[in-house]
>>> print(open('structure07.tsv').read())   # TSV, C-alpha atoms
chain	number	residue	atom	x	y	z
A	1	MET	CA	0.24	-9.78	34.44
A	2	THR	CA	1.28	-12.63	32.12
A	3	LEU	CA	3.49	-12.10	29.09
A	4	ALA	CA	0.53	-12.85	26.80
A	5	ASN	CA	-1.63	-10.25	28.55
A	6	LEU	CA	1.20	-7.73	28.40
A	7	LYS	CA	1.58	-8.27	24.65
A	8	THR	CA	-2.18	-7.90	24.14
A	9	THR	CA	-2.27	-4.68	26.17
A	10	ALA	CA	0.72	-3.26	24.32
A	11	ALA	CA	-0.84	-4.11	20.95
A	12	ALA	CA	-4.14	-2.50	21.91
A	13	PHE	CA	-2.32	0.61	23.14
A	14	GLY	CA	-0.34	0.76	19.91
A	15	LEU	CA	-3.49	0.52	17.76
A	16	GLY	CA	-5.18	3.22	19.81
A	17	LEU	CA	-2.15	5.47	19.51
A	18	LEU	CA	-2.02	4.97	15.75
A	19	ALA	CA	-5.72	5.81	15.46
A	20	THR	CA	-5.23	8.97	17.51
A	21	GLN	CA	-2.23	10.03	15.43
A	22	ALA	CA	-4.11	9.40	12.18
A	23	ALA	CA	-7.06	11.45	13.38
A	24	ALA	CA	-4.81	14.30	14.47
A	25	ALA	CA	-2.94	14.32	11.16
A	26	GLY	CA	-6.01	14.47	8.92
A	27	CYS	CA	-8.65	16.13	11.07
A	28	ASP	CA	-6.89	19.36	12.02
A	29	ALA	CA	-8.23	21.13	8.92
A	30	LEU	CA	-11.78	19.86	9.44
A	31	PRO	CA	-14.59	21.04	11.77
A	32	ASP	CA	-14.58	19.66	15.29
A	33	HIS	CA	-17.51	18.12	17.14
A	34	ALA	CA	-18.86	21.46	18.37
A	35	ALA	CA	-18.76	23.07	14.92
A	36	LEU	CA	-20.37	20.05	13.25
A	37	THR	CA	-23.12	19.91	15.88
A	38	ALA	CA	-23.92	23.61	15.50
A	39	ALA	CA	-24.03	23.46	11.69
A	40	LEU	CA	-26.14	20.30	11.71
A	41	LYS	CA	-28.65	21.71	14.17
A	42	ALA	CA	-28.96	24.91	12.12
A	43	SER	CA	-29.71	22.79	9.03
A	44	THR	CA	-32.32	20.47	10.55
A	45	ALA	CA	-36.02	21.19	11.06
A	46	ALA	CA	-36.15	19.44	14.45
A	47	THR	CA	-33.68	21.97	15.88
A	48	SER	CA	-34.25	25.05	13.69
A	49	GLU	CA	-36.79	26.65	11.38
A	50	THR	CA	-35.13	25.05	8.36
A	51	VAL	CA	-37.39	22.78	6.30
A	52	ASN	CA	-35.93	20.09	4.05
A	53	GLY	CA	-39.06	18.46	2.64
A	54	GLY	CA	-38.88	15.04	4.24
A	55	LEU	CA	-40.00	13.73	7.62
A	56	GLU	CA	-38.15	16.56	9.43
A	57	LEU	CA	-36.56	14.29	12.02
A	58	ASN	CA	-33.49	14.56	14.24
A	59	MET	CA	-30.27	13.71	12.48
A	60	TRP	CA	-26.81	12.15	12.70
A	61	ALA	CA	-23.73	13.48	10.91
A	62	SER	CA	-20.16	12.26	10.57
A	63	ILE	CA	-17.04	13.82	9.08
A	64	VAL	CA	-14.09	11.82	7.75
A	65	ASP	CA	-10.68	13.01	6.58
A	66	ARG	CA	-9.10	12.13	3.24
A	67	ASP	CA	-7.93	8.77	4.60
A	68	GLY	CA	-11.45	7.84	5.73
A	69	THR	CA	-10.68	8.37	9.41
A	70	VAL	CA	-13.70	9.61	11.36
A	71	CYS	CA	-13.01	13.07	12.79
A	72	ALA	CA	-16.36	13.86	14.41
A	73	VAL	CA	-19.81	12.38	14.96
A	74	ALA	CA	-22.75	14.59	15.94
A	75	MET	CA	-26.48	14.34	16.58
A	76	THR	CA	-29.24	16.93	16.87
A	77	GLY	CA	-31.28	15.24	19.62
A	78	ASP	CA	-30.62	15.39	23.33
A	79	ASN	CA	-29.71	11.71	23.46
A	80	ARG	CA	-28.80	8.90	21.08
A	81	GLY	CA	-32.37	7.59	20.91
A	82	ASP	CA	-33.81	10.84	19.56
A	83	GLN	CA	-32.71	9.97	16.02
A	84	TRP	CA	-32.81	6.63	14.23
A	85	PRO	CA	-30.08	4.52	15.93
A	86	GLY	CA	-29.19	2.80	12.67
A	87	SER	CA	-28.42	6.11	11.01
A	88	ARG	CA	-25.30	6.78	13.09
A	89	VAL	CA	-23.22	4.22	11.21
A	90	ILE	CA	-24.97	5.10	7.93
A	91	SER	CA	-23.80	8.71	8.34
A	92	ALA	CA	-20.20	7.52	8.66
A	93	GLN	CA	-20.70	5.17	5.73
A	94	LYS	CA	-21.97	8.05	3.57
A	95	ALA	CA	-19.03	10.23	4.56
A	96	ASN	CA	-16.63	7.42	3.70
A	97	THR	CA	-18.28	6.93	0.30
A	98	ALA	CA	-18.28	10.59	-0.72
A	99	ASN	CA	-14.62	10.84	0.26
A	100	ALA	CA	-13.62	7.56	-1.37
A	101	PHE	CA	-15.21	8.39	-4.74
A	102	SER	CA	-14.42	12.10	-5.00
A	103	LEU	CA	-11.23	13.58	-6.41
A	104	PRO	CA	-9.47	16.97	-6.28
A	105	GLY	CA	-11.18	17.86	-9.57
A	106	LEU	CA	-14.44	15.90	-9.37
A	107	ALA	CA	-16.92	15.65	-6.50
A	108	LEU	CA	-19.42	12.78	-6.43
A	109	SER	CA	-22.15	12.81	-3.83
A	110	THR	CA	-23.62	9.54	-2.62
A	111	ALA	CA	-26.83	10.65	-4.39
A	112	ASN	CA	-24.92	10.73	-7.69
A	113	LEU	CA	-24.06	7.04	-7.29
A	114	TYR	CA	-27.61	5.67	-7.07
A	115	SER	CA	-28.41	4.94	-10.72
A	116	ALA	CA	-24.87	3.91	-11.65
A	117	THR	CA	-24.96	1.16	-9.03
A	118	GLN	CA	-28.30	-0.36	-10.04
A	119	PRO	CA	-28.39	-3.57	-12.14
A	120	GLY	CA	-27.09	-2.71	-15.59
A	121	GLY	CA	-25.42	0.49	-14.32
A	122	SER	CA	-21.79	1.29	-14.99
A	123	LEU	CA	-20.89	0.92	-11.30
A	124	PHE	CA	-23.17	-1.99	-10.37
A	125	GLY	CA	-21.71	-3.83	-7.38
A	126	LEU	CA	-19.92	-0.81	-5.95
A	127	GLN	CA	-22.33	-0.80	-3.00
A	128	PHE	CA	-21.08	-4.23	-1.96
A	129	SER	CA	-17.41	-3.24	-1.86
A	130	ASN	CA	-15.57	-1.93	1.20
A	131	PRO	CA	-18.10	-3.14	3.80
A	132	VAL	CA	-18.40	-1.50	7.23
A	133	ASN	CA	-16.17	-3.09	9.86
A	134	PRO	CA	-18.64	-3.96	12.66
A	135	GLN	CA	-15.87	-4.29	15.25
A	136	ILE	CA	-15.14	-0.60	14.71
A	137	ALA	CA	-18.69	0.65	14.10
A	138	TYR	CA	-20.23	-0.41	17.39
A	139	GLY	CA	-19.49	-0.39	21.10
A	140	GLY	CA	-19.45	2.30	23.75
A	141	ALA	CA	-23.07	3.29	23.05
A	142	GLU	CA	-23.15	5.74	25.96
A	143	ASN	CA	-20.80	7.99	23.96
A	144	TYR	CA	-22.63	7.88	20.63
A	145	GLY	CA	-22.86	11.35	19.12
A	146	MET	CA	-20.49	12.80	21.70
A	147	GLU	CA	-17.02	14.26	21.21
A	148	ASN	CA	-15.59	10.88	22.20
A	149	ASP	CA	-17.89	8.76	20.03
A	150	PRO	CA	-16.09	5.42	19.56
A	151	LEU	CA	-16.01	5.93	15.78
A	152	VAL	CA	-13.69	8.93	16.16
A	153	GLY	CA	-10.13	8.10	15.13
A	154	GLN	CA	-11.28	4.91	13.40
A	155	GLN	CA	-11.72	3.89	9.75
A	156	PRO	CA	-15.05	2.01	9.67
A	157	GLY	CA	-15.32	1.92	5.86
A	158	GLY	CA	-18.63	1.29	4.14
A	159	VAL	CA	-20.25	2.30	0.85
A	160	ASN	CA	-23.66	3.96	0.57
A	161	VAL	CA	-25.39	4.91	-2.68
A	162	PHE	CA	-28.26	7.21	-1.76
A	163	GLY	CA	-28.43	10.87	-0.74
A	164	GLY	CA	-26.60	12.34	2.26
A	165	GLY	CA	-22.86	12.14	1.58
A	166	LEU	CA	-20.82	15.07	0.23
A	167	ALA	CA	-17.12	15.78	-0.25
A	168	LEU	CA	-15.60	18.73	1.64
A	169	TYR	CA	-13.39	21.28	-0.13
A	170	ASP	CA	-11.80	24.30	1.54
A	171	ALA	CA	-11.62	27.89	0.23
A	172	GLU	CA	-8.67	26.95	-2.01
A	173	GLY	CA	-10.57	23.99	-3.42
A	174	VAL	CA	-8.47	21.42	-1.56
A	175	LEU	CA	-10.31	18.14	-0.91
A	176	LEU	CA	-10.18	17.56	2.85
A	177	GLY	CA	-12.59	14.65	3.34
A	178	ALA	CA	-16.36	14.35	3.44
A	179	ILE	CA	-19.53	14.65	5.48
A	180	GLY	CA	-22.32	12.10	5.80
A	181	VAL	CA	-25.81	12.87	7.12
A	182	SER	CA	-28.55	10.36	7.94
A	183	GLY	CA	-31.85	10.20	9.80
A	184	ASP	CA	-34.56	11.25	7.32
A	185	THR	CA	-35.48	10.33	3.76
A	186	SER	CA	-32.39	10.02	1.59
A	187	CYS	CA	-33.53	13.09	-0.38
A	188	ALA	CA	-33.87	15.17	2.78
A	189	ASP	CA	-30.52	13.82	3.99
A	190	HIS	CA	-28.94	15.29	0.86
A	191	ASN	CA	-30.53	18.70	1.50
A	192	ILE	CA	-29.41	18.69	5.12
A	193	ALA	CA	-25.87	17.62	4.20
A	194	TRP	CA	-25.79	20.41	1.59
A	195	ARG	CA	-26.90	23.05	4.10
A	196	THR	CA	-24.50	21.75	6.74
A	197	ARG	CA	-21.56	21.81	4.34
A	198	ASP	CA	-22.43	25.37	3.36
A	199	ALA	CA	-22.64	26.36	7.04
A	200	LEU	CA	-19.18	24.88	7.58
A	201	GLY	CA	-17.72	26.85	4.66
A	202	LEU	CA	-16.43	23.76	2.87
A	203	ALA	CA	-18.41	23.87	-0.37
A	204	ILE	CA	-15.96	25.10	-3.03
A	205	ILE	CA	-16.78	22.34	-5.53
A	206	PRO	CA	-14.30	21.97	-8.43
A	207	GLY	CA	-16.57	19.94	-10.70
A	208	GLY	CA	-19.25	17.30	-10.79
A	209	VAL	CA	-21.79	15.41	-12.88
A	210	SER	CA	-24.78	17.68	-12.26
A	211	ALA	CA	-25.97	20.31	-14.75
A	212	ASN	CA	-24.46	22.91	-12.40
A	213	GLY	CA	-21.07	21.22	-12.57
A	214	ASP	CA	-21.17	20.19	-8.91
A	215	ASP	CA	-22.28	17.22	-6.79
A	216	GLY	CA	-25.95	18.22	-6.56
A	217	ILE	CA	-28.66	15.57	-6.63
A	218	LEU	CA	-30.13	14.76	-10.05
A	219	TYR	CA	-33.84	13.91	-10.19
A	220	ASP	CA	-33.79	12.72	-13.80
A	221	ILE	CA	-35.15	9.18	-13.53
A	222	THR	CA	-38.04	8.50	-15.92
A	223	ASP	CA	-39.56	5.04	-16.43
A	224	GLY	CA	-36.76	3.58	-14.34
A	225	ALA	CA	-33.92	5.10	-16.35
A	226	SER	CA	-31.69	8.07	-15.47
A	227	ALA	CA	-31.00	10.46	-18.34
A	228	SER	CA	-27.55	11.29	-16.96
A	229	GLY	CA	-26.72	7.88	-15.54
A	230	PHE	CA	-26.24	9.52	-12.14
A	231	GLY	CA	-29.87	10.14	-11.14
A	232	HIS	CA	-31.62	9.61	-7.81
A	233	PRO	CA	-35.31	8.78	-7.22
A	234	THR	CA	-37.63	11.26	-5.56
A	235	CYS	CA	-38.75	10.43	-2.02
A	236	GLY	CA	-42.40	11.47	-1.94
A	237	GLY	CA	-42.12	14.84	-0.21
A	238	THR	CA	-40.99	18.26	-1.34
A	239	GLU	CA	-37.30	17.45	-1.04
A	240	ASN	CA	-36.70	17.90	-4.79
A	241	THR	CA	-38.34	21.34	-4.80
A	242	ILE	CA	-36.23	22.45	-1.84
A	243	ALA	CA	-33.08	21.04	-3.46
A	244	THR	CA	-33.69	23.31	-6.43
A	245	GLU	CA	-34.37	26.30	-4.15
A	246	ILE	CA	-31.12	25.91	-2.21
A	247	GLY	CA	-28.97	24.96	-5.21
A	248	ALA	CA	-28.55	21.38	-4.06
A	249	GLY	CA	-29.87	19.77	-7.24
A	250	GLN	CA	-32.37	19.74	-10.08
>>> encode(input="structure07.tsv", output="structure tokens")
Amino acid sequence: MTLANLKTTAAAFGLGLLATQAAAAGCDALPDHAALTAALKASTAATSETVNGGLELNMWASIVDRDGTVCAVAMTGDNRGDQWPGSRVISAQKANTANAFSLPGLALSTANLYSATQPGGSLFGLQFSNPVNPQIAYGGAENYGMENDPLVGQQPGGVNVFGGGLALYDAEGVLLGAIGVSGDTSCADHNIAWRTRDALGLAIIPGGVSANGDDGILYDITDGASASGFGHPTCGGTENTIATEIGAGQ
């Protein structure tokens, strides 16, 4: 082995070790792959009797810690092609967003960011910040959705501004990170993320912009304008009715 190759190998090993250490430090308090998979399957129509009002498809979910490191990636289908392939990275992107823009005293879901990031909104342009790192997001497709998904231990980044991303707070109200769900309409994604978070016992929300004082989805857009400034459009199904039924929004 040449000196150059040795240096490259050592550097790669060092980066991998750092990623593993970061994941271990921040992910210990968060659900593992098995727990995330079970909660996601129980919250999705394709793998349970739960209805969320959208297309009722198989889903992806990702959990990140407070530093944005991916702790787990799960899917409800038997293989990676059973749910939209593009939604795997979107789920991690949603988790990153909900974590990045939530605080110990204020939870913002990705659904809450929709109107604020439209032209003329107070946060317009936010969706173009912190782009996903493609060198981290892809590769090792045979392990997608598995315990050793290549996203695990990495910080892929990304910002997403439609439903499906929620911050995670423990029983003491400590902000631990966030979950992102993708694979259906964005409105159904929000419902599924809400159910999954509840199933994981990480839904002690300290405050938010919704009328309930949490990070629920707000369907308050009329004639293109959101009354609250944090509204989300409806998606054409019964997602908004179900959101109200399960306490996930108004």
>>> atom_distance(input="structure07.tsv", atom1="CA of Asp214 (chain A)", atom2="CA of Gly125 (chain A)")
24.1 Å
>>> atom_distance(input="structure07.tsv", atom1="CA of Thr234 (chain A)", atom2="CA of Thr97 (chain A)")
20.7 Å
>>> closest_atom_pairs(input="structure07.tsv", of="region 90-163 of chain A", to="region 55-73 of chain A", cutoff="6 Å", atoms="all atoms listed in the file", output="JSON lines")
{"residue": "A:Ser91", "atom": "CA", "partner": "A:Ala61", "partner_atom": "CA", "distance": 5.4}
{"residue": "A:Ala92", "atom": "CA", "partner": "A:Ser62", "partner_atom": "CA", "distance": 5.1}
{"residue": "A:Asn96", "atom": "CA", "partner": "A:Gly68", "partner_atom": "CA", "distance": 5.6}
{"residue": "A:Gly145", "atom": "CA", "partner": "A:Val73", "partner_atom": "CA", "distance": 5.3}
{"residue": "A:Val152", "atom": "CA", "partner": "A:Val70", "partner_atom": "CA", "distance": 4.8}
{"residue": "A:Gly153", "atom": "CA", "partner": "A:Val70", "partner_atom": "CA", "distance": 5.4}
{"residue": "A:Gln154", "atom": "CA", "partner": "A:Thr69", "partner_atom": "CA", "distance": 5.3}
{"residue": "A:Gln155", "atom": "CA", "partner": "A:Thr69", "partner_atom": "CA", "distance": 4.6}
>>> closest_residue(input="structure07.tsv", among="A:Gly236, A:Gly213, A:Gly165, A:Gly158", to="Arg197 (chain A)", atoms="all atoms listed in the file")
A:Gly165
>>> decode(input="structure07.tsv", residues="region 23-68 of chain A", atoms="N, CA and C atoms", output="mmCIF file, in the first residue's frame")
data_model
loop_
_atom_site.group_PDB
_atom_site.id
_atom_site.type_symbol
_atom_site.label_atom_id
_atom_site.label_comp_id
_atom_site.auth_asym_id
_atom_site.auth_seq_id
_atom_site.Cartn_x
_atom_site.Cartn_y
_atom_site.Cartn_z
ATOM 1 N N ALA A 23 -23.321 9.339 16.303
ATOM 2 C CA ALA A 23 -24.603 8.637 16.356
ATOM 3 C C ALA A 23 -24.837 8.048 17.730
ATOM 4 N N ALA A 24 -23.791 7.460 18.305
ATOM 5 C CA ALA A 24 -23.930 6.839 19.621
ATOM 6 C C ALA A 24 -24.228 7.876 20.693
ATOM 7 N N ALA A 25 -23.598 9.060 20.575
ATOM 8 C CA ALA A 25 -23.771 10.092 21.587
ATOM 9 C C ALA A 25 -25.176 10.664 21.585
ATOM 10 N N GLY A 26 -25.763 10.868 20.404
ATOM 11 C CA GLY A 26 -27.060 11.520 20.322
ATOM 12 C C GLY A 26 -28.239 10.604 20.144
ATOM 13 N N CYS A 27 -28.031 9.386 19.769
ATOM 14 C CA CYS A 27 -29.113 8.477 19.417
ATOM 15 C C CYS A 27 -29.529 7.539 20.542
ATOM 16 N N ASP A 28 -28.764 7.488 21.607
ATOM 17 C CA ASP A 28 -29.062 6.548 22.686
ATOM 18 C C ASP A 28 -30.444 6.775 23.286
ATOM 19 N N ALA A 29 -30.897 8.032 23.322
ATOM 20 C CA ALA A 29 -32.191 8.349 23.928
ATOM 21 C C ALA A 29 -33.341 8.256 22.938
ATOM 22 N N LEU A 30 -33.043 7.888 21.708
ATOM 23 C CA LEU A 30 -34.057 7.842 20.651
ATOM 24 C C LEU A 30 -34.376 6.407 20.249
ATOM 25 N N PRO A 31 -35.552 6.167 19.648
ATOM 26 C CA PRO A 31 -35.928 4.809 19.225
ATOM 27 C C PRO A 31 -34.945 4.226 18.219
ATOM 28 N N ASP A 32 -34.733 2.922 18.320
ATOM 29 C CA ASP A 32 -33.858 2.255 17.362
ATOM 30 C C ASP A 32 -34.658 1.839 16.132
ATOM 31 N N HIS A 33 -33.982 1.166 15.224
ATOM 32 C CA HIS A 33 -34.604 0.771 13.953
ATOM 33 C C HIS A 33 -35.835 -0.085 14.170
ATOM 34 N N ALA A 34 -35.762 -1.045 15.069
ATOM 35 C CA ALA A 34 -36.889 -1.955 15.316
ATOM 36 C C ALA A 34 -38.096 -1.204 15.861
ATOM 37 N N ALA A 35 -37.862 -0.298 16.816
ATOM 38 C CA ALA A 35 -38.961 0.462 17.410
ATOM 39 C C ALA A 35 -39.588 1.400 16.392
ATOM 40 N N LEU A 36 -38.760 2.056 15.582
ATOM 41 C CA LEU A 36 -39.279 2.954 14.551
ATOM 42 C C LEU A 36 -40.096 2.192 13.526
ATOM 43 N N THR A 37 -39.596 1.034 13.096
ATOM 44 C CA THR A 37 -40.315 0.224 12.110
ATOM 45 C C THR A 37 -41.681 -0.201 12.638
ATOM 46 N N ALA A 38 -41.716 -0.671 13.868
ATOM 47 C CA ALA A 38 -42.972 -1.131 14.461
ATOM 48 C C ALA A 38 -43.982 0.008 14.570
ATOM 49 N N ALA A 39 -43.540 1.171 15.043
ATOM 50 C CA ALA A 39 -44.441 2.311 15.199
ATOM 51 C C ALA A 39 -44.929 2.817 13.851
ATOM 52 N N LEU A 40 -44.045 2.831 12.860
ATOM 53 C CA LEU A 40 -44.423 3.288 11.521
ATOM 54 C C LEU A 40 -45.438 2.349 10.890
ATOM 55 N N LYS A 41 -45.210 1.053 11.002
ATOM 56 C CA LYS A 41 -46.136 0.083 10.426
ATOM 57 C C LYS A 41 -47.513 0.161 11.092
ATOM 58 N N ALA A 42 -47.539 0.408 12.394
ATOM 59 C CA ALA A 42 -48.804 0.512 13.112
ATOM 60 C C ALA A 42 -49.567 1.780 12.737
ATOM 61 N N SER A 43 -48.874 2.744 12.128
ATOM 62 C CA SER A 43 -49.472 4.038 11.805
ATOM 63 C C SER A 43 -49.800 4.198 10.326
ATOM 64 N N THR A 44 -49.562 3.161 9.540
ATOM 65 C CA THR A 44 -49.698 3.232 8.086
ATOM 66 C C THR A 44 -50.760 2.255 7.598
ATOM 67 N N ALA A 45 -51.607 2.706 6.697
ATOM 68 C CA ALA A 45 -52.713 1.870 6.208
ATOM 69 C C ALA A 45 -52.228 0.613 5.495
ATOM 70 N N ALA A 46 -51.105 0.711 4.780
ATOM 71 C CA ALA A 46 -50.609 -0.432 4.015
ATOM 72 C C ALA A 46 -50.200 -1.598 4.908
ATOM 73 N N THR A 47 -49.934 -1.320 6.179
ATOM 74 C CA THR A 47 -49.468 -2.369 7.093
ATOM 75 C C THR A 47 -50.301 -2.454 8.374
ATOM 76 N N SER A 48 -51.437 -1.762 8.403
ATOM 77 C CA SER A 48 -52.330 -1.812 9.561
ATOM 78 C C SER A 48 -53.728 -1.397 9.111
ATOM 79 N N GLU A 49 -54.638 -1.287 10.052
ATOM 80 C CA GLU A 49 -55.988 -0.840 9.740
ATOM 81 C C GLU A 49 -56.143 0.672 9.897
ATOM 82 N N THR A 50 -55.032 1.342 10.100
ATOM 83 C CA THR A 50 -55.050 2.794 10.289
ATOM 84 C C THR A 50 -55.224 3.503 8.954
ATOM 85 N N VAL A 51 -56.149 4.443 8.895
ATOM 86 C CA VAL A 51 -56.406 5.218 7.682
ATOM 87 C C VAL A 51 -55.973 6.659 7.925
ATOM 88 N N ASN A 52 -55.277 7.244 6.958
ATOM 89 C CA ASN A 52 -54.760 8.600 7.118
ATOM 90 C C ASN A 52 -55.294 9.597 6.105
ATOM 91 N N GLY A 53 -56.158 9.125 5.185
ATOM 92 C CA GLY A 53 -56.867 10.035 4.300
ATOM 93 C C GLY A 53 -56.221 10.338 2.973
ATOM 94 N N GLY A 54 -55.039 9.807 2.732
ATOM 95 C CA GLY A 54 -54.355 10.079 1.474
ATOM 96 C C GLY A 54 -54.434 8.911 0.519
ATOM 97 N N LEU A 55 -53.306 8.548 -0.059
ATOM 98 C CA LEU A 55 -53.241 7.431 -1.005
ATOM 99 C C LEU A 55 -53.062 6.095 -0.306
ATOM 100 N N GLU A 56 -52.745 6.121 0.976
ATOM 101 C CA GLU A 56 -52.585 4.932 1.822
ATOM 102 C C GLU A 56 -51.495 3.997 1.289
ATOM 103 N N LEU A 57 -50.338 4.557 1.051
ATOM 104 C CA LEU A 57 -49.204 3.830 0.490
ATOM 105 C C LEU A 57 -48.224 3.392 1.579
ATOM 106 N N ASN A 58 -47.256 2.571 1.181
ATOM 107 C CA ASN A 58 -46.143 2.242 2.068
ATOM 108 C C ASN A 58 -45.292 3.485 2.291
ATOM 109 N N MET A 59 -44.567 3.482 3.402
ATOM 110 C CA MET A 59 -43.903 4.702 3.853
ATOM 111 C C MET A 59 -42.440 4.501 4.234
ATOM 112 N N TRP A 60 -41.717 5.619 4.218
ATOM 113 C CA TRP A 60 -40.369 5.724 4.781
ATOM 114 C C TRP A 60 -40.418 6.597 6.025
ATOM 115 N N ALA A 61 -39.528 6.376 6.959
ATOM 116 C CA ALA A 61 -39.371 7.262 8.113
ATOM 117 C C ALA A 61 -37.907 7.321 8.515
ATOM 118 N N SER A 62 -37.502 8.481 8.979
ATOM 119 C CA SER A 62 -36.141 8.671 9.499
ATOM 120 C C SER A 62 -36.215 9.420 10.816
ATOM 121 N N ILE A 63 -35.271 9.124 11.694
ATOM 122 C CA ILE A 63 -35.120 9.851 12.958
ATOM 123 C C ILE A 63 -33.719 10.447 12.988
ATOM 124 N N VAL A 64 -33.641 11.722 13.412
ATOM 125 C CA VAL A 64 -32.341 12.355 13.616
ATOM 126 C C VAL A 64 -32.227 12.809 15.067
ATOM 127 N N ASP A 65 -31.002 12.936 15.555
ATOM 128 C CA ASP A 65 -30.791 13.463 16.897
ATOM 129 C C ASP A 65 -30.690 14.983 16.832
ATOM 130 N N ARG A 66 -30.393 15.601 17.947
ATOM 131 C CA ARG A 66 -30.404 17.065 18.020
ATOM 132 C C ARG A 66 -29.330 17.701 17.156
ATOM 133 N N ASP A 67 -28.305 16.947 16.789
ATOM 134 C CA ASP A 67 -27.261 17.460 15.913
ATOM 135 C C ASP A 67 -27.550 17.196 14.439
ATOM 136 N N GLY A 68 -28.698 16.570 14.145
ATOM 137 C CA GLY A 68 -29.041 16.271 12.760
ATOM 138 C C GLY A 68 -28.440 14.985 12.245
#
